[in-house]
Amino acid sequence: MFAGWPKAPSFDEAFAVQRIKTLRAFASLMAVSTAVHAADPGNPEHGAAVFKKCMICHVVTEPVNKIGPTLNGGSGRVPGKLIDDKYSRAMTECGADHVWDEATLTPFLAEPRKEVRGTKMAFVGLRKEQDIADVIACIKTCSPSVQ
Ligand code: HEC
């Protein structure tokens with residue numbers, strides 16, 4: 001008997017395969033768009049330029065304190081802990097339950113005096129989200145020696 005052509009997928013099978021393909025394409029699209037959003041890691045070179053606004057008071061590349069504490073190794077540090085007796089009470093208290101990382105630095109750098117009420121940091125804040133992301137990238141990578 002004639003064996004016939006390999007069985008063509010039925011309409012249902014073909015439809016299911018198509019649906020899986022579409023779902024996969026959709027899933028990878030979602031993955032890409034979340035990745036792009038979550039990535040946006042900040043550009044340390046541009047961050048170094050933004051850091052000029054901080055430089056009257058802070059050094060980032062070396063562990064040298066000025067009016068403000070060095071930001072060398074600033075990410076991962078407990079707020080208000082680096083130098084004894086120099087910080088405001090507000091900053092020391094902030095250190096009781098915070099660590100400096102993207103999640104805490106972002107709102108602080110946008111509005112320092114709102115985020116840590118009573119801080120001695122006399123700086124109005126950075127307006128652009130990208131500047132904040134970039135300066136945080138600089139705090140992380142422009143200060144590798146004390147990480
Ligand atoms: C006019 C001076 C001044 C400027 C400008 C300034 N800061 Fe500060 N900064 C301070 C002082 C003073 C403190 C300590 C605040 C306190 O004790 O309340 C501080 C604290 C900090 C802390 C917490 C450090 C720690 O050890 O807990 C970070 C982070 C920080 N500044 C980042 C920045 C960044 C980034 C900029 C620029 C976008 C900036 N500062 C601009 C004076 C300044």
# chains A, B, ... in the order shown; residues from 1 in each chain; ligands from 1
$ residues_near_ligand --ligand "ligand 1" --cutoff "8 Å" --atoms "only C-alpha atoms and all ligand atoms" --output "ChimeraX atom specification"
/A:50-58,67-71,74-75,77-83,86-92,95,100,105,108-109,116,118-123,125-126,132,135-136,139
$ write_last_selection --atoms "C-alpha atoms" --output "compact mmCIF listing (two decimals), in the first residue's frame"
# COMPACT_ATOMS: atom_id res chain seq x y z
CA VAL A 50 27.94 65.44 36.60
CA PHE A 51 30.13 64.91 39.67
CA LYS A 52 31.61 68.37 39.08
CA LYS A 53 28.52 69.64 40.89
CA CYS A 54 29.57 67.66 43.95
CA MET A 55 33.27 68.46 43.83
CA ILE A 56 33.24 71.58 45.99
CA CYS A 57 32.36 69.20 48.82
CA HIS A 58 33.25 65.66 47.76
CA ILE A 67 33.24 69.46 53.47
CA GLY A 68 31.45 66.20 52.77
CA PRO A 69 32.84 62.71 53.21
CA THR A 70 34.73 61.05 50.39
CA LEU A 71 32.42 59.16 48.07
CA GLY A 74 30.37 55.24 48.53
CA SER A 75 28.06 52.58 47.15
CA ARG A 77 28.43 52.09 52.56
CA VAL A 78 26.19 52.61 55.58
CA PRO A 79 25.05 56.28 55.62
CA GLY A 80 26.68 58.50 58.20
CA LYS A 81 29.31 56.00 59.30
CA LEU A 82 32.56 56.87 57.58
CA ILE A 83 33.91 59.62 59.81
CA LYS A 86 31.14 64.74 61.40
CA TYR A 87 27.71 63.84 60.20
CA SER A 88 24.38 65.35 61.07
CA ARG A 89 22.22 63.37 63.44
CA ALA A 90 19.79 62.88 60.57
CA MET A 91 22.43 61.15 58.45
CA THR A 92 23.63 58.96 61.31
CA GLY A 95 22.36 54.67 58.67
CA TRP A 100 23.77 53.42 49.99
CA LEU A 105 21.00 57.08 46.41
CA PHE A 108 18.59 61.14 48.03
CA LEU A 109 20.42 62.73 45.11
CA VAL A 116 17.23 62.84 54.81
CA GLY A 118 18.05 67.59 58.70
CA THR A 119 21.05 66.60 56.56
CA LYS A 120 24.03 68.95 56.51
CA MET A 121 24.40 68.39 52.78
CA ALA A 122 23.57 71.83 51.42
CA PHE A 123 22.79 70.71 47.90
CA GLY A 125 19.52 67.93 44.22
CA LEU A 126 19.92 66.70 40.67
CA ILE A 132 21.49 60.64 38.86
CA VAL A 135 26.65 59.90 38.91
CA ILE A 136 25.78 56.71 40.82
CA ILE A 139 30.38 56.58 42.55
$ atom_distance --atom1 "atom CA of A:Gln130" --atom2 "atom CA of A:Cys142"
17.0 Å
$ residues_around --residues "A:Ala137" --least-positions-apart "2" --cutoff "9 Å" --atoms "only C-alpha atoms" --output "MDAnalysis selection string"
chainID A and resid 41:45 47:48 102 132:135 139:142
$ closest_residue --among "A:Asp85, A:Glu111, A:Gly76, A:Thr61" --to "A:Val99" --atoms "only C-alpha atoms"
A:Gly76
$ atom_distance --atom1 "atom CA of A:Glu93" --atom2 "atom CA of A:Arg113"
14.1 Å
